[in-house]
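Visitor: Pasting a structure here, questions to come.
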Amino acid sequence: MKRNPPDICRARRQAVLKDLRGIPLLLRSAPEVLRNGDVHYTYRQDSNFHYLCGFDEPEAILLAVPEGRGHRTILFVRPRDKAREVWDGKRAGPAGAKRTYGADEAHEVADFWKVFGELTRDWEALAWSLAVDPAFDARLMALFGARLTNRPRKNQGIPAIVDPRPVIWARRQIKGPEEVELLQEAARISCEGHRVAMALAEPGMYEYEVQAELEAVFRRNGAPRVGYDSIVASGPNACTLHYVENSRRIRSGDLLLIDAAAEYGHYSADITRTFPVRGRFSPAQRAVYEAVLRCQKKCVEAIKPGNTVQKITELSQREITKGLLQLGLLKKGTLAAHMKKRSFAKYYMHGLGHWLGMDVHDCGPYQNPDASWIGLKPGMVMTVEPGIYIPADDRAAPPELRGIGVRIEDDVLVTRSGHRVLTADVPKEVADVEALTAG
Ligand code: GLY
Ligand code: MN
Ligand code: MN
């Protein structure tokens with residue numbers, strides 16, 4: 001399992017504390033969630049927690065306290081427990097938290113309130129995400145509140161609580177080289193899965209069979225899980241944007257839209273390809289596909305420092321509108337008039353893309369506090385995923401276009417000189433796609 005090096009996590013914590021102007025940071029691990037009976041959902045650490053300390057067990061608490069020119073890292077973790085470890089696997093315990101994860105101090109999590117209460121006696125501020133776990137907040141407020149009533153003569157209020165998430169999200173928005181490496185590996189594995197799926201999908205197979213083959217490639221390459229539920233949508237199912245049932249039998253002449261990717265080292269890729277199943281695009285399918293492809297390539301080309309997601313989104317809407325006019329899906333009216341009316345939204349109803357990182361829809365703002373759009377900077381990663389979806393029952397559409405859904409999605413890193421496509425290893429040009437799907 002890929003682990004975050006402790007020195008990198010320490011540098012990240014230091015950067016976040018600097019952005020918080022020296023306010024101590026309190027962060028908790030993701031909770032375990034019961035699925036049914038005695039079964040839990042597969043545990044995945046909270047992305048912020050993993051980013052800042054790399055400790056991936058549940059029931060953990062991180063406290064990072066500025067100290068001199070650096071900070072003191074205190075981890076509260078589950079104790080070693082031979083009996084429990086027989087069932088659930090090895091725990092680091094406080095000693096392991098120090099040895100392996102670079103904590104300066106570590107305690108059993110059961111001692112948290114005692115240690116925290118003593119530590120925070122004179123604190124004036126704390127960075128903590130309120131309103132995520134009201135029960136924890138209540139305990140925190142009770143601790144601080146009791147202190148206030150017990151010591152009124154010190155004229156000291158309860159610590160000011162500052163939400164650390166915007167600061168952490170802004171840091172996570174710019175990926176360091178070690179993060180790009182993990183994203184690139186997630187992308188490499190995902191590309192391989194897509195290529196395998198394109199080559200093996202056949203009429204008569206069920207969508208879930210293709211899903212199984214695709215996800216087997218991810219797992220075989222060391223990806224512990226998918227970055228999000230795989231969408232394997234044949235024929236008209238492609239028009240359901242988050243179709244994850246994957247239960248239809250694929251028919252001859254169908255297009256197959258696959259939106260799927262692996263997570264690796266807690267980073268997720270996000271790839272969509274749409275291809276004819278064992279054969280060639282029909283003229284109607286090809287016309288829609290080429291309209292989306294032209295748009296997608298232009299948008300990728302527009303990615304460079306200084307440009308904004310909003311401008312590139314507008315470019316995509318313009319290109320899709322041109323395509324819709326050519327396809328006869330929009331009639332009467334100029335390009336400008338249709339842009340003004342946002343006519344494209346009937347067939348292109350989602351945005352151009354989103355930030356990508358540890359979360360598939362990754363954190364980080366799109367706009368500045370003054371509502372202007374954030375300029376792209378080197379180290380940002382975004383998806384570019386325009387599409388055209390023509391419902392099967394759209395009587396306004398030419399009959400041969402009905403039920404066609406096409407999306408093409410790549411992951412793009414902003415570099416100093418422009419951009420780098422992380423997902424270039426899966427074909428998208430018509431000839432290349434047809435060569436691969438021919439088997
Ligand atoms: N796979 C989710 C998305 O493309 O946003
Ligand atoms: Mn996406
Ligand atoms: Mn996607």
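Residues are named by chain letter and number: chains run A, B, ... in the order of the structure tokens, numbers start at 1 in each chain, and ligands are numbered from 1 in the order shown.
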Can you check which parts of chain A lie within 8 Å of ligand 1? Per residue, the shortest pair of atoms and distance in Å to one decimal, counting only C-alpha atoms and all ligand atoms, sorted by chain and number, as a tab-separated table.
Guide:
```
residue	atom	partner	partner_atom_place_in_ligand_line	distance
A:Tyr228	CA	ligand 1	1 (N)	6.5
A:Asp229	CA	ligand 1	1 (N)	7.8
A:Ser230	CA	ligand 1	1 (N)	7.7
A:Ile231	CA	ligand 1	1 (N)	7.8
A:His242	CA	ligand 1	2 (C)	7.7
A:Asp259	CA	ligand 1	1 (N)	5.7
A:Ala260	CA	ligand 1	1 (N)	6.4
A:Ala261	CA	ligand 1	1 (N)	7.9
A:Asp270	CA	ligand 1	1 (N)	5.6
A:Ile271	CA	ligand 1	4 (O)	7.1
A:Thr272	CA	ligand 1	4 (O)	7.3
A:Gly353	CA	ligand 1	5 (O)	6.9
A:His354	CA	ligand 1	5 (O)	7.1
A:Val360	CA	ligand 1	2 (C)	6.8
A:His361	CA	ligand 1	5 (O)	6.4
A:Thr383	CA	ligand 1	4 (O)	7.7
A:Glu385	CA	ligand 1	4 (O)	7.1
A:Glu409	CA	ligand 1	4 (O)	7.3
```
Visitor: Please list as a PyMOL selection string every residue within 9 Å of Ser268 in chain A, counting only C-alpha atoms and excluding residues in the same chain fewer than 5 positions away.
Guide: chain A and resi 182-183+186-187+226-228+261-263+356-360
Visitor: Rank nothing, just name the residue among A:Pro427, A:Leu27, A:Ala125, A:Lys346 nearest to Leu293 in chain A, using only C-alpha atoms.
Guide: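 Closest residue, counting only C-alpha atoms: A:Pro427.
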Visitor: What lies within 12 Å of Lys98 in chain A using only C-alpha atoms, ignoring chain neighbours under 3 positions off, as a list in words?
Guide: Pro6, Cys53, Phe55, Arg72, Thr73, Ile74, Leu75, Phe76, Val77, Ala92, Gly93, Pro94, Ala95, Tyr101, Gly102, Ala103, Asp104, Glu105, Ala106 and His107 of chain A
Visitor: Give me a file of those residues, with N, CA and C atoms, as a CSV table (one decimal), in the first residue's frame.
Guide:
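After the write, out.csv holds the following:
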```csv
chain,number,residue,atom,x,y,z
A,6,PRO,N,6.3,10.7,5.9
A,6,PRO,CA,6.1,11.6,7.0
A,6,PRO,C,6.6,13.0,6.8
A,53,CYS,N,-1.6,13.7,7.4
A,53,CYS,CA,-0.7,12.8,8.3
A,53,CYS,C,-0.6,11.4,7.7
A,55,PHE,N,-2.0,8.8,8.1
A,55,PHE,CA,-2.4,7.7,9.0
A,55,PHE,C,-3.8,7.3,8.6
A,72,ARG,N,4.3,21.0,16.7
A,72,ARG,CA,4.2,19.7,17.4
A,72,ARG,C,3.1,18.9,16.9
A,73,THR,N,3.3,17.7,16.5
A,73,THR,CA,2.2,16.8,16.0
A,73,THR,C,1.9,15.8,17.0
A,74,ILE,N,0.6,15.8,17.4
A,74,ILE,CA,0.1,14.9,18.4
A,74,ILE,C,-1.0,14.0,17.8
A,75,LEU,N,-0.7,12.7,17.8
A,75,LEU,CA,-1.7,11.8,17.2
A,75,LEU,C,-2.4,11.0,18.4
A,76,PHE,N,-3.7,10.9,18.3
A,76,PHE,CA,-4.5,10.0,19.2
A,76,PHE,C,-5.0,8.9,18.4
A,77,VAL,N,-4.6,7.7,18.8
A,77,VAL,CA,-4.9,6.5,17.9
A,77,VAL,C,-5.5,5.3,18.8
A,92,ALA,N,-1.3,0.4,14.4
A,92,ALA,CA,0.0,1.1,14.7
A,92,ALA,C,0.2,1.3,16.2
A,93,GLY,N,-0.9,1.7,16.9
A,93,GLY,CA,-0.8,2.0,18.3
A,93,GLY,C,0.0,3.3,18.5
A,94,PRO,N,0.0,3.9,19.7
A,94,PRO,CA,0.8,5.1,19.9
A,94,PRO,C,2.2,5.0,19.5
A,95,ALA,N,2.9,3.9,19.8
A,95,ALA,CA,4.3,3.8,19.4
A,95,ALA,C,4.5,3.8,17.9
A,101,TYR,N,4.7,7.2,11.5
A,101,TYR,CA,4.0,8.4,11.0
A,101,TYR,C,4.5,9.7,11.4
A,102,GLY,N,5.6,9.7,12.1
A,102,GLY,CA,6.3,11.0,12.4
A,102,GLY,C,5.6,11.9,13.5
A,103,ALA,N,4.7,11.3,14.3
A,103,ALA,CA,4.1,12.0,15.4
A,103,ALA,C,5.2,12.4,16.4
A,104,ASP,N,5.1,13.6,17.0
A,104,ASP,CA,6.1,13.9,18.1
A,104,ASP,C,5.6,13.4,19.4
A,105,GLU,N,4.3,13.2,19.5
A,105,GLU,CA,3.7,12.7,20.7
A,105,GLU,C,2.5,11.9,20.3
A,106,ALA,N,2.2,10.8,21.0
A,106,ALA,CA,1.0,10.0,20.6
A,106,ALA,C,0.4,9.4,21.8
A,107,HIS,N,-0.9,9.3,21.8
A,107,HIS,CA,-1.7,8.8,22.9
A,107,HIS,C,-2.8,7.9,22.4
```
Visitor: Residues within 10 Å of His338 in chain A, please, as a list in words. Count only C-alpha atoms; anything in the same chain fewer than 4 positions from it doesn't count.
Guide: Arg318, Thr321, Lys322, Leu325, Leu330, Lys331, Lys332, Gly333, Thr334, Arg342, Ser343 and Phe344 of chain A
Visitor: Residues as selected, all heavy atoms, written as an mmCIF file, in the first residue's frame, can you do that?
Guide:
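And here is the file that came out, result01.cif:
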```
data_model
loop_
_atom_site.group_PDB
_atom_site.id
_atom_site.type_symbol
_atom_site.label_atom_id
_atom_site.label_comp_id
_atom_site.auth_asym_id
_atom_site.auth_seq_id
_atom_site.Cartn_x
_atom_site.Cartn_y
_atom_site.Cartn_z
ATOM 1 N N ARG A 318 -20.050 26.709 -26.650
ATOM 2 C CA ARG A 318 -20.082 27.254 -28.021
ATOM 3 C C ARG A 318 -19.843 26.129 -29.038
ATOM 4 O O ARG A 318 -20.552 26.006 -30.030
ATOM 5 C CB ARG A 318 -19.005 28.339 -28.125
ATOM 6 C CG ARG A 318 -18.913 29.082 -29.433
ATOM 7 C CD ARG A 318 -17.972 30.282 -29.291
ATOM 8 N NE ARG A 318 -18.473 31.224 -28.313
ATOM 9 C CZ ARG A 318 -19.388 32.164 -28.556
ATOM 10 N NH1 ARG A 318 -19.887 32.294 -29.767
ATOM 11 N NH2 ARG A 318 -19.799 32.968 -27.601
ATOM 12 N N THR A 321 -22.742 23.782 -29.188
ATOM 13 C CA THR A 321 -23.857 24.433 -29.908
ATOM 14 C C THR A 321 -23.637 24.342 -31.421
ATOM 15 O O THR A 321 -24.564 24.023 -32.173
ATOM 16 C CB THR A 321 -24.002 25.911 -29.461
ATOM 17 O OG1 THR A 321 -24.169 25.918 -28.042
ATOM 18 C CG2 THR A 321 -25.202 26.579 -30.117
ATOM 19 N N LYS A 322 -22.382 24.593 -31.845
ATOM 20 C CA LYS A 322 -22.074 24.452 -33.290
ATOM 21 C C LYS A 322 -22.400 23.031 -33.742
ATOM 22 O O LYS A 322 -23.001 22.811 -34.798
ATOM 23 C CB LYS A 322 -20.575 24.708 -33.534
ATOM 24 C CG LYS A 322 -20.181 26.164 -33.557
ATOM 25 C CD LYS A 322 -18.724 26.234 -34.026
ATOM 26 C CE LYS A 322 -18.037 27.482 -33.525
ATOM 27 N NZ LYS A 322 -16.580 27.430 -33.666
ATOM 28 N N LEU A 325 -26.103 22.389 -34.059
ATOM 29 C CA LEU A 325 -26.661 23.006 -35.266
ATOM 30 C C LEU A 325 -26.371 22.126 -36.484
ATOM 31 O O LEU A 325 -27.245 21.854 -37.302
ATOM 32 C CB LEU A 325 -26.082 24.418 -35.460
ATOM 33 C CG LEU A 325 -26.687 25.505 -34.547
ATOM 34 C CD1 LEU A 325 -25.793 26.744 -34.491
ATOM 35 C CD2 LEU A 325 -28.093 25.897 -35.037
ATOM 36 N N LEU A 330 -30.451 21.464 -33.207
ATOM 37 C CA LEU A 330 -30.948 22.825 -33.037
ATOM 38 C C LEU A 330 -31.265 23.338 -34.434
ATOM 39 O O LEU A 330 -30.495 23.128 -35.366
ATOM 40 C CB LEU A 330 -29.890 23.722 -32.380
ATOM 41 C CG LEU A 330 -29.491 23.384 -30.948
ATOM 42 C CD1 LEU A 330 -28.439 24.372 -30.454
ATOM 43 C CD2 LEU A 330 -30.700 23.383 -30.022
ATOM 44 N N LYS A 331 -32.375 23.957 -34.533
ATOM 45 C CA LYS A 331 -32.766 24.486 -35.838
ATOM 46 C C LYS A 331 -32.853 26.001 -35.719
ATOM 47 O O LYS A 331 -32.450 26.553 -34.707
ATOM 48 C CB LYS A 331 -34.087 23.857 -36.272
ATOM 49 C CG LYS A 331 -33.951 22.324 -36.337
ATOM 50 C CD LYS A 331 -35.248 21.619 -36.627
ATOM 51 C CE LYS A 331 -35.025 20.115 -36.531
ATOM 52 N NZ LYS A 331 -35.267 19.604 -35.173
ATOM 53 N N LYS A 332 -33.320 26.640 -36.744
ATOM 54 C CA LYS A 332 -33.539 28.108 -36.741
ATOM 55 C C LYS A 332 -32.699 28.843 -35.691
ATOM 56 O O LYS A 332 -32.668 28.462 -34.540
ATOM 57 C CB LYS A 332 -35.022 28.412 -36.442
ATOM 58 C CG LYS A 332 -35.952 28.052 -37.555
ATOM 59 C CD LYS A 332 -37.371 28.452 -37.176
ATOM 60 C CE LYS A 332 -38.061 27.239 -36.629
ATOM 61 N NZ LYS A 332 -39.250 27.366 -35.918
ATOM 62 N N GLY A 333 -32.098 29.911 -36.103
ATOM 63 C CA GLY A 333 -31.404 30.752 -35.136
ATOM 64 C C GLY A 333 -29.904 30.692 -35.294
ATOM 65 O O GLY A 333 -29.346 29.682 -35.731
ATOM 66 N N THR A 334 -29.269 31.811 -34.934
ATOM 67 C CA THR A 334 -27.814 31.891 -35.060
ATOM 68 C C THR A 334 -27.143 31.266 -33.841
ATOM 69 O O THR A 334 -27.774 31.049 -32.812
ATOM 70 C CB THR A 334 -27.378 33.372 -35.126
ATOM 71 O OG1 THR A 334 -27.789 33.989 -33.892
ATOM 72 C CG2 THR A 334 -28.007 34.105 -36.297
ATOM 73 N N ARG A 342 -29.010 29.518 -24.167
ATOM 74 C CA ARG A 342 -28.449 28.289 -23.587
ATOM 75 C C ARG A 342 -29.174 27.044 -24.105
ATOM 76 O O ARG A 342 -29.468 26.096 -23.356
ATOM 77 C CB ARG A 342 -28.482 28.335 -22.049
ATOM 78 C CG ARG A 342 -27.638 29.460 -21.459
ATOM 79 C CD ARG A 342 -27.739 29.511 -19.944
ATOM 80 N NE ARG A 342 -27.246 28.300 -19.297
ATOM 81 C CZ ARG A 342 -25.973 28.037 -19.013
ATOM 82 N NH1 ARG A 342 -25.044 28.918 -19.325
ATOM 83 N NH2 ARG A 342 -25.626 26.911 -18.443
ATOM 84 N N SER A 343 -29.456 27.050 -25.421
ATOM 85 C CA SER A 343 -30.183 25.920 -26.021
ATOM 86 C C SER A 343 -29.421 24.602 -25.852
ATOM 87 O O SER A 343 -30.019 23.526 -25.824
ATOM 88 C CB SER A 343 -30.393 26.156 -27.521
ATOM 89 O OG SER A 343 -30.830 27.454 -27.779
ATOM 90 N N PHE A 344 -28.079 24.712 -25.752
ATOM 91 C CA PHE A 344 -27.259 23.485 -25.639
ATOM 92 C C PHE A 344 -27.655 22.654 -24.427
ATOM 93 O O PHE A 344 -27.460 21.438 -24.395
ATOM 94 C CB PHE A 344 -25.769 23.850 -25.545
ATOM 95 C CG PHE A 344 -25.440 24.788 -24.407
ATOM 96 C CD1 PHE A 344 -25.299 24.314 -23.117
ATOM 97 C CD2 PHE A 344 -25.298 26.163 -24.630
ATOM 98 C CE1 PHE A 344 -25.022 25.172 -22.062
ATOM 99 C CE2 PHE A 344 -25.024 27.035 -23.585
ATOM 100 C CZ PHE A 344 -24.899 26.536 -22.298
#
```
